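Colleague: I have a structure here, written as structure tokens, and I will follow up with some questions on it.
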Amino acid sequence: MFYNSTRDRAAKVSAAQAITQGISAEGGLFVPEQLPKLTEADFNALIEKSYVERAIVILAKFLTDFSDVEIRYCAENAYHDKKFKTNNIAEISHLFDGTYMLELWHGPTCAFKDMALQILPYLLTTSAKKVAKGKKIVILVATSGDTGKAALEGFKDVPDTQILVFYPEDGVSAMQKRQMTTQEGENVAVSAIKGNFDDAQTGVKKIFTDPAVVEKLAENNMMFSSANSINWGRLLPQIVYYISTYCELVRDEEIAMGDELNVVVPTGNFGNILAAYYAKKMGVPFGKLICASNANNVLTEFIRTGTYNRVRDFHTTISPSMDILISSNLERLLYDLCGCDDEKIKTWFASLSETGKYTVDAGVMEKLSEEFYAGCCDDDATRATIGEIFRKYSYLCDTHTAVAVKVAQEYKKETGDDRKMIIASTASPYKFAPSVLPAITDEIPADDYEQLEQLHELSKLEIPAALAELKHKTVRFTGSVDKEEMEQVVLGMLGLA
Ligand SMILES: *Cc1c(COP(=O)(O)O)cnc(C)c1O
């Protein structure tokens, strides 16, 4: 299987090349030439397997330049019970009639990013051995909070890699910040930037594609790669959990093979929901894909109207990992919906960078409405939903997941569609304790760690050790820079300034 670029249909690279490079030279994103289709026999075989065995089968369909031994090595090192709190890796919790909470946050950093970032270092180093032998891989990450920590944890002390994470100074939760600034490892660095997530993402993209910087790295036998969801190696492992979840529900006799399920995803950069779309195209019987946004509702408007307009106020919300106005992975969806027309993609995205907006054509709009539904909710509604679900079902969800729950409720009310639903639960409520607590109690201790205790008292959920132990860790990274200085920080870290 080969991969094309969304902005150059003629580009044709192997999986190893796509994963090592991260982004295509002309700025497009790598996409598989064709999505493999799952047959009935495939499903029957997958249903009987464990998570890691399912991952191996699915990865092999996309990574045709990897050997079976390599794929097994990657999957087995990523998905095991020392890294994930549960053998199932992705846990399904039955919330209420016909709603399944797909808990993707039982990994080491308590957010769904672990599902991909635990395996990405293995995929990337295996790929680099094939196409960039002997080179040091430099990972640059822009994070809205969860990716940064998950990437640091995945890449720490991985030989021949170096990782640098930029996060918006005021755009992450206290717990997220502490998770990153206390990161251990010899090959890691973390820096705050004075700006929001989009500034961080734009800055990283600029450094990536700056020929002078790229050349400087090359002279020193280094190369950039990305751990953001623009990297195909991030998206692929996310397809796995959607397929796996469907199989799991069939195995548990919750559904019969072929039953249609709607999927609800709290969305920021459009990676997670795109993985659900790809799973559907591969043959998983998913119905509507429901895109849930917070007050940064650029995607809601886009899916409803066909016009993407990032020229609007940026809101800092209690679901910070979704505080995004430029959803990178939407480009992959549009490429698919417009029949791989790279010229159209180039026109739309040039318009986005020049005017801040673009409007898709009627053909794309039609398909978009057929596949997707979009909704949004503000912080008040998010908190109210956390409270409601907790009181009704004794189930505690985090602020991001609550946005999805709220939009799911609205979708049902609006359409009467009563197909069963999978709701992607993207973070542990402990990760956002200061925002979750007020939704369920009036007694809120000032201290971050007492807040964890308080949440535990009320919910009886186990406090993740990875969060509790932050209290005793030393803060290593305190720097904060202007966005114009990001390049200097990168070169400085690499000893190339
Ligand atoms: C990253 C993140 C999201 C958004 O996911 P995308 O793939 O960027 O759409 C939602 N919730 C949490 C907790 C996250 O960390």
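A note on labels: chains of the structure tokens are A, B, ... as shown, every chain counts residues from 1, and ligands are counted from 1 in their shown order.
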Around ligand 1, which protein and nucleic acid residues have at least one atom no more than 10 Å from it, if we count only C-alpha atoms and all ligand atoms? List them as a count of residues only.

Modeller: 59

Colleague: Using 10 Å as the limit and counting only C-alpha atoms, can you tabulate each residue of segment 116-222 of chain A that touches segment 457-468 of chain A, with its shortest atom-to-atom distance in Å and the two atoms involved, as CSV?

Modeller:
```
residue,atom,partner,partner_atom,distance
A:Met175,CA,A:Leu467,CA,7.7
A:Gln176,CA,A:Leu467,CA,9.4
A:Arg178,CA,A:Leu467,CA,9.3
A:Gln179,CA,A:Leu467,CA,7.7
```

Colleague: Grab the residues selected above and save them as a compact mmCIF listing (two decimals), in the first residue's frame with N, CA and C atoms.

Modeller:
```txt
# COMPACT_ATOMS: atom_id res chain seq x y z
N MET A 175 -2.97 20.70 35.88
CA MET A 175 -2.48 19.31 35.93
C MET A 175 -1.72 18.96 34.65
N GLN A 176 -2.26 19.40 33.51
CA GLN A 176 -1.58 19.14 32.24
C GLN A 176 -0.20 19.80 32.22
N ARG A 178 1.67 20.62 34.77
CA ARG A 178 2.58 19.95 35.69
C ARG A 178 3.05 18.61 35.10
N GLN A 179 2.13 17.93 34.44
CA GLN A 179 2.53 16.67 33.79
C GLN A 179 3.69 16.90 32.82
```

Colleague: What is the distance between atom CA of Gly387 of chain A and atom CA of Arg419 of chain A, in Å to one decimal?

Modeller: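 Taking atom CA of Gly387 of chain A and atom CA of Arg419 of chain A, their separation equals 24.7 Å.
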
Colleague: Could you give me, as a list of chain:residue names, the residues within 9 Å of segment 40-43 of chain A, counting only C-alpha atoms and dropping anything in the same chain fewer than 5 positions from it?

Modeller: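 The filter keeps A:Glu48, A:Val57, A:Ile243, A:Cys247, A:Met257, A:Val284.
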
Colleague: Determine the nearest neighbour of Thr300 of chain A from the options A:Glu453, A:Ala90, A:Tyr335, A:Val407, counting only C-alpha atoms.

Modeller: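 Among the listed residues, the smallest separation from Thr300 of chain A belongs to A:Val407.
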
Colleague: Could you pull the residues within 12 Å of Ile139 of chain A, counting only C-alpha atoms, minus those fewer than 4 positions along the same chain, as a VMD selection string?

Modeller: chain A and resid 19 to 22 120 to 121 124 to 125 148 151 to 152 154 to 156 158 160 to 166 187 to 190 204 to 205 207 to 208 222 to 228 231 490 493 to 494

Colleague: With distances taken over only C-alpha atoms, which residue among A:Leu325, A:Ala384, A:Ile71, A:Ile92 lies nearest His106 of chain A?

Modeller: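 So, comparing all the options, the nearest one is A:Ile92.
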